[in-house]
Amino acid sequence: MTYKIDRLGHLGDGVAQGTDGPIFATGVLPGEEVDGVLTGDRLTDIRIVTPSTDRVKPTCRHARACGGCQLQHAADPFVARWKQEVVQTALAGQGLTAPFRPMVTSPANSRRRATLSGRRTKGGVLLGFHGKGSDIITQIPDCKLLHPALIAAFPGLEALVALGGSRTTELSLMVTATRGGVDVVVTGGKPLDAGFRLDLSRIVEAHGFSRLTWDGETVALRDRPAQSIGKATVVPPAGAFLQATAEGEAALLSGVQQALGPQRRVVDLFAGVGTFALPLAATTEVHAVEGDRDMIAALDLAARHTQNLHRLSSETRDLFRRPLEPDELKAFTAAVIDPPRAGAEAQTACLARSGLKVIAAVSCNPVTFARDAKVLTAAGYRLDWVQVVDQFRWSTHVELVSRFSLT
Ligand SMILES: C[S@@+](CC[C@H](N)C(=O)[O-])C[C@H]1O[C@@H](n2cnc3c(N)ncnc32)[C@H](O)[C@@H]1O
């Protein structure tokens, strides 16, 4: 029996109407007719009977098996339309619409941060992403997603897995390309002792990693894991949030700058290590607020060593429990807000009563973005535009930057 794919769900699976309800299929596109083996509500051994004109040959030879990408079989214009529709649908759920700016997509091989899995095997080591819908690790020597610096780190990462992994448990390796070499954060490894620490630091030296953090402990610091942010040099704490690609970061920053326009004093809410605060401080006073003390310390240190910045103050504060109140927000001319996936319910309620003329809102979750947008628009703000920034290329993640204004 053939099935016609109606749409893609939010995880990128195709959805078709079966006789007993919806049927899900991976690696397909809307409009395609497919057949395969139906097990429960899932189609496997899929054969594309009528391919979509949006179908392309994946650029990566690992795409079929590897779960790192979900949309390699779709043409870029399709992905751009689909990601925009995800945001439009979330906004429509709140009764909202917005003009959209064209999506900006990060190039192939630009992901500077990723979390890989590693496991020892009888014959050696497995390192890579989990397979599609499976917990088996797929090796990805020709990955088209990761920055070349991360791919070049594979031999060293494999050495870490061989030494500190096991055949029964899996290591998680968060890797970040930095100016001082790859910064590695491992969790789930063997317990540390003096000899093991020494062996690990030998691997760090031999493979030129900048820093190795093993189950929460920094075991080696060969060089500073520094990032350039604006004119500043920032050394983020191990595992701290960083935008996934330099190009995505630049696009988000450009969107934020265009949303704000010239300002006198900006508050950067959920500021991280200063992705927006540091570049903005080149032209305006900035107050950066972030919940993580170590990230604020990294931001402060970077600001102190950067010349010609306007005043950049900072504050460690839990913005879920203690958002900046409308009275405090009145000290600023505009706000930037970039919350985690949960959104910023409490802080948005305060922004809605702040009277601030401009808010640049960045989000990695269209659903919480739309929820918070509803609060702002109900208070009289206009959603001027939204721009999707695709820094998780070929994945179903959707990120955006937007502008709200009060007239
Ligand atoms: C999406 S990141 C954005 C960081 C920064 N704007 C950037 O672009 O690099 C969200 C930030 O919110 C911070 N955060 C999470 N929960 C928080 C809370 N309850 N209060 C304040 N900050 C929080 C995280 O530590 C993280 O740095």
# chains A, B, ... in the order shown; residues from 1 in each chain; ligands from 1
>>> select_by_dssp(residues="stretch 98-292 of chain A", states="strand (DSSP E or B)", output="MDAnalysis selection string")
chainID A and resid 100:105 111 113:120 125:131 137:139 146 171:178 181:187 211:214 217:221 227:229 232:234 245 265:269 285:290
>>> residues_near_ligand(ligand="ligand 1", cutoff="6 Å", atoms="only C-alpha atoms and all ligand atoms", output="NGL selection string")
:A and (241-243 or 270-273 or 275 or 290-292 or 317-320 or 338-340)
>>> select_by_dssp(residues="stretch 181-311 of chain A", states="alpha helix (DSSP H)", output="PyMOL selection string")
chain A and resi 194-207+246-260+277-280+293-304
>>> write_last_selection(atoms="C-alpha atoms", output="JSON list (two decimals), in the first residue's frame")
[["chain", "number", "residue", "atom", "x", "y", "z"],
["A", 194, "ALA", "CA", 46.61, 10.36, 39.66],
["A", 195, "GLY", "CA", 47.89, 8.03, 36.91],
["A", 196, "PHE", "CA", 44.73, 8.38, 34.83],
["A", 197, "ARG", "CA", 44.91, 12.20, 35.09],
["A", 198, "LEU", "CA", 48.47, 12.10, 33.78],
["A", 199, "ASP", "CA", 47.52, 9.86, 30.85],
["A", 200, "LEU", "CA", 44.62, 12.15, 29.97],
["A", 201, "SER", "CA", 46.82, 15.25, 30.02],
["A", 202, "ARG", "CA", 49.30, 13.48, 27.71],
["A", 203, "ILE", "CA", 46.48, 13.04, 25.18],
["A", 204, "VAL", "CA", 45.57, 16.73, 25.56],
["A", 205, "GLU", "CA", 49.21, 17.69, 24.83],
["A", 206, "ALA", "CA", 49.66, 15.24, 21.96],
["A", 207, "HIS", "CA", 46.48, 16.34, 20.17],
["A", 246, "ALA", "CA", 30.23, 31.77, 14.09],
["A", 247, "GLU", "CA", 28.03, 32.60, 11.07],
["A", 248, "GLY", "CA", 24.83, 32.02, 13.08],
["A", 249, "GLU", "CA", 26.17, 34.21, 15.86],
["A", 250, "ALA", "CA", 27.00, 36.98, 13.34],
["A", 251, "ALA", "CA", 23.50, 36.75, 11.80],
["A", 252, "LEU", "CA", 21.80, 36.91, 15.21],
["A", 253, "LEU", "CA", 23.99, 39.85, 16.25],
["A", 254, "SER", "CA", 23.27, 41.67, 13.00],
["A", 255, "GLY", "CA", 19.52, 41.08, 13.54],
["A", 256, "VAL", "CA", 19.77, 42.37, 17.12],
["A", 257, "GLN", "CA", 21.68, 45.48, 15.98],
["A", 258, "GLN", "CA", 19.16, 46.19, 13.22],
["A", 259, "ALA", "CA", 16.27, 45.69, 15.63],
["A", 260, "LEU", "CA", 17.76, 48.07, 18.20],
["A", 277, "ALA", "CA", 26.59, 42.61, 25.15],
["A", 278, "LEU", "CA", 30.26, 42.83, 24.16],
["A", 279, "PRO", "CA", 29.76, 43.89, 20.51],
["A", 280, "LEU", "CA", 26.89, 46.23, 21.47],
["A", 293, "ARG", "CA", 28.02, 33.35, 37.87],
["A", 294, "ASP", "CA", 30.97, 31.87, 35.96],
["A", 295, "MET", "CA", 29.66, 33.14, 32.63],
["A", 296, "ILE", "CA", 29.30, 36.64, 34.05],
["A", 297, "ALA", "CA", 32.86, 36.40, 35.42],
["A", 298, "ALA", "CA", 34.11, 35.45, 31.93],
["A", 299, "LEU", "CA", 32.17, 38.35, 30.38],
["A", 300, "ASP", "CA", 33.51, 40.82, 33.00],
["A", 301, "LEU", "CA", 37.10, 39.71, 32.51],
["A", 302, "ALA", "CA", 36.76, 40.03, 28.73],
["A", 303, "ALA", "CA", 35.22, 43.52, 29.04],
["A", 304, "ARG", "CA", 38.02, 44.70, 31.39]]
>>> atom_distance(atom1="atom CA of A:Gly27", atom2="atom CA of A:Cys143")
18.0 Å
>>> residues_around(residues="A:Val79", least_positions_apart="4", cutoff="10 Å", atoms="only C-alpha atoms", output="list in words")
Asp54, Leu71, Gln72, His73, Ala74, Ala75, Lys83, Gln84, Glu85, Met103, Thr105, Asp390, Arg393, Trp394, Ser395 and Thr396 of chain A
>>> closest_residue(among="A:Leu43, A:Val49, A:Val182, A:Leu192", to="A:Leu157", atoms="only C-alpha atoms")
A:Val182
>>> residues_around(residues="stretch 369-373 of chain A", least_positions_apart="4", cutoff="7 Å", atoms="only C-alpha atoms", output="NGL selection string")
:A and (90-91 or 94 or 343-345 or 348 or 363 or 365 or 377)
>>> residues_around(residues="A:Val161", least_positions_apart="3", cutoff="8 Å", atoms="only C-alpha atoms", output="JSON, numbers by chain")
{"A": [118, 119, 120, 125, 157, 158, 164, 165, 166, 171]}
>>> residues_around(residues="stretch 216-224 of chain A", least_positions_apart="2", cutoff="8 Å", atoms="only C-alpha atoms", output="MDAnalysis selection string")
chainID A and resid 179:181 185 187 197 200:201 204:205 208:214 226 235
>>> residues_around(residues="stretch 380-387 of chain A", least_positions_apart="5", cutoff="9 Å", atoms="only C-alpha atoms", output="MDAnalysis selection string")
chainID A and resid 84 87 96:104 252 255 259 352 357:358 373 375 399:407
>>> atom_distance(atom1="atom CA of A:Gly40", atom2="atom CA of A:Ser52")
25.3 Å
>>> atom_distance(atom1="atom CA of A:Val267", atom2="atom CA of A:Ser228")
21.3 Å
>>> closest_residue(among="A:Leu309, A:Phe392, A:Tyr3, A:Phe332", to="A:His287", atoms="only C-alpha atoms")
A:Phe332
>>> closest_residue(among="A:Gly230, A:Gly9, A:Gly68, A:Gly156", to="A:Val86", atoms="only C-alpha atoms")
A:Gly9
